[in-house]
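> Input file: structure_8.cif. Contents: mmCIF, C-alpha atoms.
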data_model
loop_
_atom_site.group_PDB
_atom_site.id
_atom_site.type_symbol
_atom_site.label_atom_id
_atom_site.label_comp_id
_atom_site.auth_asym_id
_atom_site.auth_seq_id
_atom_site.Cartn_x
_atom_site.Cartn_y
_atom_site.Cartn_z
ATOM 1 C CA GLN A 532 35.393 40.005 37.756
ATOM 2 C CA VAL A 533 34.408 36.389 37.310
ATOM 3 C CA GLN A 534 36.084 33.862 39.619
ATOM 4 C CA LEU A 535 36.786 30.538 37.927
ATOM 5 C CA VAL A 536 37.661 27.081 39.219
ATOM 6 C CA GLU A 537 38.814 24.259 36.932
ATOM 7 C CA SER A 538 38.541 20.573 37.755
ATOM 8 C CA GLY A 539 38.724 17.203 36.046
ATOM 9 C CA GLY A 540 42.389 16.944 35.194
ATOM 10 C CA GLY A 541 44.427 13.838 35.837
ATOM 11 C CA LEU A 542 46.608 11.101 34.421
ATOM 12 C CA VAL A 543 45.292 9.092 31.472
ATOM 13 C CA GLN A 544 46.757 6.747 28.892
ATOM 14 C CA ALA A 545 47.012 7.751 25.261
ATOM 15 C CA GLY A 546 43.673 7.220 23.550
ATOM 16 C CA GLY A 547 41.761 7.873 26.738
ATOM 17 C CA SER A 548 39.338 10.631 27.665
ATOM 18 C CA LEU A 549 38.918 13.324 30.282
ATOM 19 C CA ARG A 550 36.294 15.988 30.858
ATOM 20 C CA LEU A 551 37.398 19.287 32.306
ATOM 21 C CA SER A 552 34.976 21.603 34.063
ATOM 22 C CA CYS A 553 35.193 25.348 34.573
ATOM 23 C CA ALA A 554 32.804 26.700 37.165
ATOM 24 C CA ALA A 555 32.132 30.214 38.342
ATOM 25 C CA SER A 556 32.579 30.469 42.088
ATOM 26 C CA GLY A 557 30.862 32.558 44.700
ATOM 27 C CA ARG A 558 28.324 35.057 43.431
ATOM 28 C CA THR A 559 30.015 35.479 40.048
ATOM 29 C CA SER A 560 28.317 34.350 36.852
ATOM 30 C CA LEU A 561 29.584 33.027 33.544
ATOM 31 C CA THR A 562 26.287 33.154 31.737
ATOM 32 C CA ARG A 563 26.986 36.342 29.751
ATOM 33 C CA ASN A 564 30.639 35.667 28.951
ATOM 34 C CA ALA A 565 32.334 33.712 26.215
ATOM 35 C CA VAL A 566 34.720 31.224 27.774
ATOM 36 C CA GLY A 567 37.962 29.843 26.465
ATOM 37 C CA TRP A 568 40.294 27.006 27.331
ATOM 38 C CA PHE A 569 44.046 27.442 27.052
ATOM 39 C CA ARG A 570 46.916 25.120 27.876
ATOM 40 C CA GLN A 571 50.566 25.490 28.724
ATOM 41 C CA ALA A 572 53.101 22.680 28.488
ATOM 42 C CA PRO A 573 56.474 22.892 30.264
ATOM 43 C CA GLY A 574 58.832 25.197 28.413
ATOM 44 C CA LYS A 575 56.154 26.306 25.965
ATOM 45 C CA GLU A 576 53.955 29.358 25.598
ATOM 46 C CA ARG A 577 50.305 29.319 26.609
ATOM 47 C CA GLU A 578 48.209 28.070 23.691
ATOM 48 C CA PHE A 579 44.576 28.664 22.785
ATOM 49 C CA VAL A 580 42.598 25.404 22.707
ATOM 50 C CA ALA A 581 38.894 26.191 22.345
ATOM 51 C CA ALA A 582 36.254 28.820 23.000
ATOM 52 C CA ILE A 583 32.489 29.080 23.168
ATOM 53 C CA THR A 584 30.192 32.088 22.963
ATOM 54 C CA TRP A 585 27.894 33.016 25.833
ATOM 55 C CA THR A 586 24.934 31.477 24.000
ATOM 56 C CA GLY A 587 26.806 28.269 23.271
ATOM 57 C CA ARG A 588 25.877 28.545 19.591
ATOM 58 C CA THR A 589 29.396 29.190 18.282
ATOM 59 C CA THR A 590 32.586 27.339 19.094
ATOM 60 C CA SER A 591 36.142 27.455 17.823
ATOM 61 C CA TYR A 592 39.142 25.146 18.198
ATOM 62 C CA VAL A 593 42.823 25.056 17.492
ATOM 63 C CA ASP A 594 43.497 22.713 14.568
ATOM 64 C CA SER A 595 45.387 20.180 16.669
ATOM 65 C CA VAL A 596 42.290 19.296 18.738
ATOM 66 C CA LYS A 597 39.557 19.503 16.123
ATOM 67 C CA GLY A 598 37.555 16.294 16.004
ATOM 68 C CA ARG A 599 38.886 15.191 19.405
ATOM 69 C CA PHE A 600 37.857 17.936 21.845
ATOM 70 C CA THR A 601 34.417 19.421 22.373
ATOM 71 C CA ILE A 602 33.634 22.567 24.331
ATOM 72 C CA SER A 603 30.147 23.019 25.735
ATOM 73 C CA ARG A 604 28.359 24.933 28.454
ATOM 74 C CA ASP A 605 25.459 24.619 30.840
ATOM 75 C CA ASN A 606 24.442 28.113 31.847
ATOM 76 C CA ALA A 607 21.950 26.756 34.367
ATOM 77 C CA LYS A 608 24.954 25.283 36.198
ATOM 78 C CA ASN A 609 27.230 28.250 35.483
ATOM 79 C CA THR A 610 29.761 25.773 34.075
ATOM 80 C CA VAL A 611 31.732 25.247 30.864
ATOM 81 C CA TYR A 612 33.140 21.861 29.889
ATOM 82 C CA LEU A 613 35.954 20.580 27.719
ATOM 83 C CA GLN A 614 35.461 16.971 26.664
ATOM 84 C CA MET A 615 38.786 15.558 25.519
ATOM 85 C CA ASN A 616 38.817 12.279 23.614
ATOM 86 C CA SER A 617 41.567 10.353 21.848
ATOM 87 C CA LEU A 618 44.133 12.052 24.035
ATOM 88 C CA LYS A 619 47.750 12.135 22.916
ATOM 89 C CA PRO A 620 50.953 12.622 24.907
ATOM 90 C CA GLU A 621 51.333 16.031 23.263
ATOM 91 C CA ASP A 622 48.093 17.116 24.971
ATOM 92 C CA THR A 623 49.944 17.016 28.296
ATOM 93 C CA ALA A 624 49.783 20.491 29.836
ATOM 94 C CA VAL A 625 48.187 22.627 32.505
ATOM 95 C CA TYR A 626 44.748 23.594 31.221
ATOM 96 C CA TYR A 627 43.236 26.957 32.104
ATOM 97 C CA CYS A 628 39.775 28.328 31.521
ATOM 98 C CA ALA A 629 39.206 32.038 31.090
ATOM 99 C CA ALA A 630 36.241 34.372 30.797
ATOM 100 C CA ASP A 631 35.875 37.009 28.097
ATOM 101 C CA ARG A 632 36.532 40.588 29.201
ATOM 102 C CA LEU A 633 33.349 41.589 27.384
ATOM 103 C CA VAL A 634 29.833 40.334 27.957
ATOM 104 C CA LEU A 635 27.396 39.242 25.248
ATOM 105 C CA ARG A 636 30.115 39.043 22.567
ATOM 106 C CA GLY A 637 28.683 37.377 19.469
ATOM 107 C CA THR A 638 31.919 35.783 18.338
ATOM 108 C CA THR A 639 34.491 33.579 20.033
ATOM 109 C CA PRO A 640 37.570 35.406 21.241
ATOM 110 C CA SER A 641 40.854 33.560 20.767
ATOM 111 C CA GLY A 642 43.598 35.835 21.989
ATOM 112 C CA ALA A 643 44.695 35.663 25.594
ATOM 113 C CA ALA A 644 44.317 39.448 25.827
ATOM 114 C CA ASP A 645 40.572 39.066 25.168
ATOM 115 C CA PHE A 646 40.138 37.236 28.466
ATOM 116 C CA GLY A 647 40.063 39.013 31.792
ATOM 117 C CA SER A 648 39.532 36.294 34.389
ATOM 118 C CA TRP A 649 41.540 33.084 34.627
ATOM 119 C CA GLY A 650 41.286 29.969 36.715
ATOM 120 C CA GLN A 651 44.199 28.424 38.584
ATOM 121 C CA GLY A 652 44.662 25.591 36.086
ATOM 122 C CA THR A 653 44.326 21.824 36.172
ATOM 123 C CA GLN A 654 47.037 19.363 35.158
ATOM 124 C CA VAL A 655 46.395 16.901 32.333
ATOM 125 C CA THR A 656 49.018 14.213 31.793
ATOM 126 C CA VAL A 657 48.747 11.722 28.943
ATOM 127 C CA SER A 658 51.093 8.758 29.097
ATOM 128 C CA SER A 659 52.226 6.890 26.009
#
As structure tokens, please, write out the structure in this file.

Amino acid sequence: QVQLVESGGGLVQAGGSLRLSCAASGRTSLTRNAVGWFRQAPGKEREFVAAITWTGRTTSYVDSVKGRFTISRDNAKNTVYLQMNSLKPEDTAVYYCAADRLVLRGTTPSGAADFGSWGQGTQVTVSS
């Protein structure tokens, strides 16, 4: 099972930017897994945000972040990124990265059940 560590969260004003990182820790590797980002705001269900295939060639996003967020990966660094621009107060949540249960999947999974390993989460707070 892949062990994941998120970083990069923080407090930012509306309109600002943050870049989240999701790194595989120890001897685990992300290079053959699609990776997704999810978020959970207080009192709300966990929501899919974005995903990227193991090759990095295909990405998918929830409509509310399209044009503002970009998911990417650097397999040489065993790390996946989520660049978040034009942040809004409604983006405030704990952000989690997760690794696909399958390896070498050609499409981007989007359901939480497709992911088998989760990080501990990183808080993103956007002030108005």
> Give the answer as one residue: which of A:Arg563, A:Lys608, A:Arg558, A:Lys575 has the shortest atom-to-atom distance to A:Arg632, using all atoms listed in the file?
A:Arg563
> Written as a PyMOL selection string, what is the full residue list that the PyMOL selection byres ((chain A and resi 543) around 10) yields on the file shown?
chain A and resi 540-542+544-549+618-620+623+655-659
> Counting only C-alpha atoms, which residue out of A:Ser603, A:Thr610, A:Arg577, A:Val533 sits closest to A:Ala644?
A:Arg577
> Counting only C-alpha atoms, write as a compact mmCIF listing (two decimals) with C-alpha atoms, keeping the file's coordinate frame all protein and nucleic acid residues lying at most 12 Å from (41.2, 31.8, 36.9) in the file's frame.

# COMPACT_ATOMS: atom_id res chain seq x y z
CA GLN A 532 35.39 40.01 37.76
CA VAL A 533 34.41 36.39 37.31
CA GLN A 534 36.08 33.86 39.62
CA LEU A 535 36.79 30.54 37.93
CA VAL A 536 37.66 27.08 39.22
CA GLU A 537 38.81 24.26 36.93
CA SER A 538 38.54 20.57 37.76
CA CYS A 553 35.19 25.35 34.57
CA ALA A 554 32.80 26.70 37.16
CA ALA A 555 32.13 30.21 38.34
CA SER A 556 32.58 30.47 42.09
CA VAL A 566 34.72 31.22 27.77
CA GLY A 567 37.96 29.84 26.46
CA TRP A 568 40.29 27.01 27.33
CA PHE A 569 44.05 27.44 27.05
CA TYR A 626 44.75 23.59 31.22
CA TYR A 627 43.24 26.96 32.10
CA CYS A 628 39.78 28.33 31.52
CA ALA A 629 39.21 32.04 31.09
CA ALA A 630 36.24 34.37 30.80
CA ASP A 631 35.88 37.01 28.10
CA PHE A 646 40.14 37.24 28.47
CA GLY A 647 40.06 39.01 31.79
CA SER A 648 39.53 36.29 34.39
CA TRP A 649 41.54 33.08 34.63
CA GLY A 650 41.29 29.97 36.72
CA GLN A 651 44.20 28.42 38.58
CA GLY A 652 44.66 25.59 36.09
CA THR A 653 44.33 21.82 36.17
> Would you list the contacts of A:Arg604 as a PyMOL selection string, taking every protein, DNA or RNA residue within 8 Å and counting only C-alpha atoms, but skipping same-chain residues closer than 5 positions in sequence?
chain A and resi 583+587+609-612
> Please write the residues from the selection above to a file, keeping C-alpha atoms, as a JSON list (two decimals), in the frame of the given file.

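Full text of out.json as output:
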[["chain", "number", "residue", "atom", "x", "y", "z"],
["A", 583, "ILE", "CA", 32.49, 29.08, 23.17],
["A", 587, "GLY", "CA", 26.81, 28.27, 23.27],
["A", 609, "ASN", "CA", 27.23, 28.25, 35.48],
["A", 610, "THR", "CA", 29.76, 25.77, 34.08],
["A", 611, "VAL", "CA", 31.73, 25.25, 30.86],
["A", 612, "TYR", "CA", 33.14, 21.86, 29.89]]
> Quick one: pull the distance between atom CA of A:Tyr592 and atom CA of A:Asp622, Å, one decimal.
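Atom CA of A:Tyr592 sits 13.8 Å away from atom CA of A:Asp622.
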> For a test of reading the model, state the distance in Å between atom CA of A:Met615 and atom CA of A:Ala643, rounded to one decimal.
21.0 Å
> Put stretch 597-627 of chain A into a file with N, CA, C and O atoms, as a PDB file, in the first residue's frame.

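result_23.pdb, freshly written:
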ATOM      1  N   LYS A 597     -12.510  23.903 -12.411  1.00  0.00           N
ATOM      2  CA  LYS A 597     -11.964  23.934 -13.772  1.00  0.00           C
ATOM      3  C   LYS A 597     -11.531  25.356 -14.137  1.00  0.00           C
ATOM      4  O   LYS A 597     -12.257  26.316 -13.889  1.00  0.00           O
ATOM      5  N   GLY A 598     -10.355  25.462 -14.720  1.00  0.00           N
ATOM      6  CA  GLY A 598      -9.817  26.763 -15.079  1.00  0.00           C
ATOM      7  C   GLY A 598      -9.072  27.450 -13.952  1.00  0.00           C
ATOM      8  O   GLY A 598      -8.394  28.459 -14.182  1.00  0.00           O
ATOM      9  N   ARG A 599      -9.183  26.928 -12.735  1.00  0.00           N
ATOM     10  CA  ARG A 599      -8.492  27.538 -11.586  1.00  0.00           C
ATOM     11  C   ARG A 599      -7.439  26.600 -10.993  1.00  0.00           C
ATOM     12  O   ARG A 599      -6.397  27.055 -10.525  1.00  0.00           O
ATOM     13  N   PHE A 600      -7.719  25.306 -10.971  1.00  0.00           N
ATOM     14  CA  PHE A 600      -6.814  24.327 -10.394  1.00  0.00           C
ATOM     15  C   PHE A 600      -6.160  23.506 -11.500  1.00  0.00           C
ATOM     16  O   PHE A 600      -6.778  23.223 -12.521  1.00  0.00           O
ATOM     17  N   THR A 601      -4.927  23.113 -11.256  1.00  0.00           N
ATOM     18  CA  THR A 601      -4.210  22.250 -12.187  1.00  0.00           C
ATOM     19  C   THR A 601      -3.507  21.138 -11.420  1.00  0.00           C
ATOM     20  O   THR A 601      -2.736  21.414 -10.491  1.00  0.00           O
ATOM     21  N   ILE A 602      -3.781  19.903 -11.816  1.00  0.00           N
ATOM     22  CA  ILE A 602      -3.101  18.759 -11.219  1.00  0.00           C
ATOM     23  C   ILE A 602      -1.967  18.339 -12.142  1.00  0.00           C
ATOM     24  O   ILE A 602      -2.110  18.350 -13.373  1.00  0.00           O
ATOM     25  N   SER A 603      -0.845  17.986 -11.555  1.00  0.00           N
ATOM     26  CA  SER A 603       0.304  17.550 -12.347  1.00  0.00           C
ATOM     27  C   SER A 603       1.114  16.559 -11.516  1.00  0.00           C
ATOM     28  O   SER A 603       0.845  16.369 -10.321  1.00  0.00           O
ATOM     29  N   ARG A 604       2.089  15.937 -12.149  1.00  0.00           N
ATOM     30  CA  ARG A 604       2.911  14.986 -11.406  1.00  0.00           C
ATOM     31  C   ARG A 604       4.332  14.994 -11.931  1.00  0.00           C
ATOM     32  O   ARG A 604       4.578  15.314 -13.108  1.00  0.00           O
ATOM     33  N   ASP A 605       5.243  14.650 -11.046  1.00  0.00           N
ATOM     34  CA  ASP A 605       6.643  14.469 -11.391  1.00  0.00           C
ATOM     35  C   ASP A 605       7.026  13.092 -10.875  1.00  0.00           C
ATOM     36  O   ASP A 605       7.318  12.926  -9.680  1.00  0.00           O
ATOM     37  N   ASN A 606       7.007  12.115 -11.752  1.00  0.00           N
ATOM     38  CA  ASN A 606       7.267  10.746 -11.312  1.00  0.00           C
ATOM     39  C   ASN A 606       8.717  10.556 -10.868  1.00  0.00           C
ATOM     40  O   ASN A 606       9.006   9.672 -10.061  1.00  0.00           O
ATOM     41  N   ALA A 607       9.616  11.381 -11.373  1.00  0.00           N
ATOM     42  CA  ALA A 607      11.002  11.292 -10.917  1.00  0.00           C
ATOM     43  C   ALA A 607      11.112  11.668  -9.437  1.00  0.00           C
ATOM     44  O   ALA A 607      12.010  11.190  -8.735  1.00  0.00           O
ATOM     45  N   LYS A 608      10.195  12.525  -8.978  1.00  0.00           N
ATOM     46  CA  LYS A 608      10.176  12.932  -7.574  1.00  0.00           C
ATOM     47  C   LYS A 608       9.104  12.199  -6.772  1.00  0.00           C
ATOM     48  O   LYS A 608       8.920  12.491  -5.585  1.00  0.00           O
ATOM     49  N   ASN A 609       8.384  11.289  -7.437  1.00  0.00           N
ATOM     50  CA  ASN A 609       7.362  10.508  -6.736  1.00  0.00           C
ATOM     51  C   ASN A 609       6.334  11.424  -6.079  1.00  0.00           C
ATOM     52  O   ASN A 609       5.863  11.146  -4.960  1.00  0.00           O
ATOM     53  N   THR A 610       5.959  12.500  -6.769  1.00  0.00           N
ATOM     54  CA  THR A 610       5.122  13.541  -6.182  1.00  0.00           C
ATOM     55  C   THR A 610       4.061  14.004  -7.180  1.00  0.00           C
ATOM     56  O   THR A 610       4.319  14.094  -8.383  1.00  0.00           O
ATOM     57  N   VAL A 611       2.876  14.283  -6.639  1.00  0.00           N
ATOM     58  CA  VAL A 611       1.769  14.854  -7.411  1.00  0.00           C
ATOM     59  C   VAL A 611       1.445  16.215  -6.800  1.00  0.00           C
ATOM     60  O   VAL A 611       1.498  16.383  -5.575  1.00  0.00           O
ATOM     61  N   TYR A 612       1.108  17.159  -7.658  1.00  0.00           N
ATOM     62  CA  TYR A 612       0.845  18.529  -7.218  1.00  0.00           C
ATOM     63  C   TYR A 612      -0.582  18.949  -7.554  1.00  0.00           C
ATOM     64  O   TYR A 612      -1.178  18.452  -8.513  1.00  0.00           O
ATOM     65  N   LEU A 613      -1.084  19.895  -6.777  1.00  0.00           N
ATOM     66  CA  LEU A 613      -2.340  20.556  -7.096  1.00  0.00           C
ATOM     67  C   LEU A 613      -2.090  22.054  -6.984  1.00  0.00           C
ATOM     68  O   LEU A 613      -1.969  22.577  -5.881  1.00  0.00           O
ATOM     69  N   GLN A 614      -1.983  22.716  -8.135  1.00  0.00           N
ATOM     70  CA  GLN A 614      -1.824  24.158  -8.166  1.00  0.00           C
ATOM     71  C   GLN A 614      -3.197  24.792  -8.120  1.00  0.00           C
ATOM     72  O   GLN A 614      -4.037  24.513  -8.982  1.00  0.00           O
ATOM     73  N   MET A 615      -3.425  25.630  -7.123  1.00  0.00           N
ATOM     74  CA  MET A 615      -4.737  26.239  -6.924  1.00  0.00           C
ATOM     75  C   MET A 615      -4.604  27.750  -7.059  1.00  0.00           C
ATOM     76  O   MET A 615      -3.913  28.389  -6.253  1.00  0.00           O
ATOM     77  N   ASN A 616      -5.228  28.292  -8.073  1.00  0.00           N
ATOM     78  CA  ASN A 616      -5.213  29.731  -8.325  1.00  0.00           C
ATOM     79  C   ASN A 616      -6.608  30.313  -8.167  1.00  0.00           C
ATOM     80  O   ASN A 616      -7.596  29.575  -8.156  1.00  0.00           O
ATOM     81  N   SER A 617      -6.678  31.623  -8.052  1.00  0.00           N
ATOM     82  CA  SER A 617      -7.961  32.316  -7.919  1.00  0.00           C
ATOM     83  C   SER A 617      -8.820  31.673  -6.840  1.00  0.00           C
ATOM     84  O   SER A 617     -10.014  31.411  -7.045  1.00  0.00           O
ATOM     85  N   LEU A 618      -8.229  31.435  -5.704  1.00  0.00           N
ATOM     86  CA  LEU A 618      -8.932  30.738  -4.630  1.00  0.00           C
ATOM     87  C   LEU A 618     -10.114  31.541  -4.119  1.00  0.00           C
ATOM     88  O   LEU A 618     -10.077  32.782  -4.067  1.00  0.00           O
ATOM     89  N   LYS A 619     -11.144  30.819  -3.720  1.00  0.00           N
ATOM     90  CA  LYS A 619     -12.378  31.402  -3.208  1.00  0.00           C
ATOM     91  C   LYS A 619     -12.619  30.884  -1.797  1.00  0.00           C
ATOM     92  O   LYS A 619     -12.163  29.794  -1.444  1.00  0.00           O
ATOM     93  N   PRO A 620     -13.374  31.629  -1.001  1.00  0.00           N
ATOM     94  CA  PRO A 620     -13.686  31.137   0.353  1.00  0.00           C
ATOM     95  C   PRO A 620     -14.324  29.749   0.351  1.00  0.00           C
ATOM     96  O   PRO A 620     -14.080  28.955   1.264  1.00  0.00           O
ATOM     97  N   GLU A 621     -15.089  29.436  -0.673  1.00  0.00           N
ATOM     98  CA  GLU A 621     -15.732  28.121  -0.734  1.00  0.00           C
ATOM     99  C   GLU A 621     -14.758  26.994  -1.033  1.00  0.00           C
ATOM    100  O   GLU A 621     -15.135  25.817  -1.006  1.00  0.00           O
ATOM    101  N   ASP A 622     -13.501  27.316  -1.326  1.00  0.00           N
ATOM    102  CA  ASP A 622     -12.465  26.288  -1.481  1.00  0.00           C
ATOM    103  C   ASP A 622     -11.895  25.854  -0.136  1.00  0.00           C
ATOM    104  O   ASP A 622     -11.100  24.906  -0.074  1.00  0.00           O
ATOM    105  N   THR A 623     -12.282  26.526   0.936  1.00  0.00           N
ATOM    106  CA  THR A 623     -11.801  26.178   2.266  1.00  0.00           C
ATOM    107  C   THR A 623     -12.212  24.754   2.627  1.00  0.00           C
ATOM    108  O   THR A 623     -13.394  24.408   2.555  1.00  0.00           O
ATOM    109  N   ALA A 624     -11.237  23.939   2.983  1.00  0.00           N
ATOM    110  CA  ALA A 624     -11.494  22.530   3.299  1.00  0.00           C
ATOM    111  C   ALA A 624     -10.173  21.875   3.706  1.00  0.00           C
ATOM    112  O   ALA A 624      -9.099  22.455   3.545  1.00  0.00           O
ATOM    113  N   VAL A 625     -10.285  20.645   4.196  1.00  0.00           N
ATOM    114  CA  VAL A 625      -9.111  19.788   4.319  1.00  0.00           C
ATOM    115  C   VAL A 625      -8.969  19.048   2.993  1.00  0.00           C
ATOM    116  O   VAL A 625      -9.926  18.448   2.510  1.00  0.00           O
ATOM    117  N   TYR A 626      -7.779  19.119   2.423  1.00  0.00           N
ATOM    118  CA  TYR A 626      -7.508  18.490   1.133  1.00  0.00           C
ATOM    119  C   TYR A 626      -6.715  17.206   1.344  1.00  0.00           C
ATOM    120  O   TYR A 626      -5.713  17.193   2.075  1.00  0.00           O
ATOM    121  N   TYR A 627      -7.178  16.148   0.695  1.00  0.00           N
ATOM    122  CA  TYR A 627      -6.556  14.835   0.804  1.00  0.00           C
ATOM    123  C   TYR A 627      -6.105  14.359  -0.579  1.00  0.00           C
ATOM    124  O   TYR A 627      -6.825  14.527  -1.560  1.00  0.00           O
TER     125      TYR A 627
END
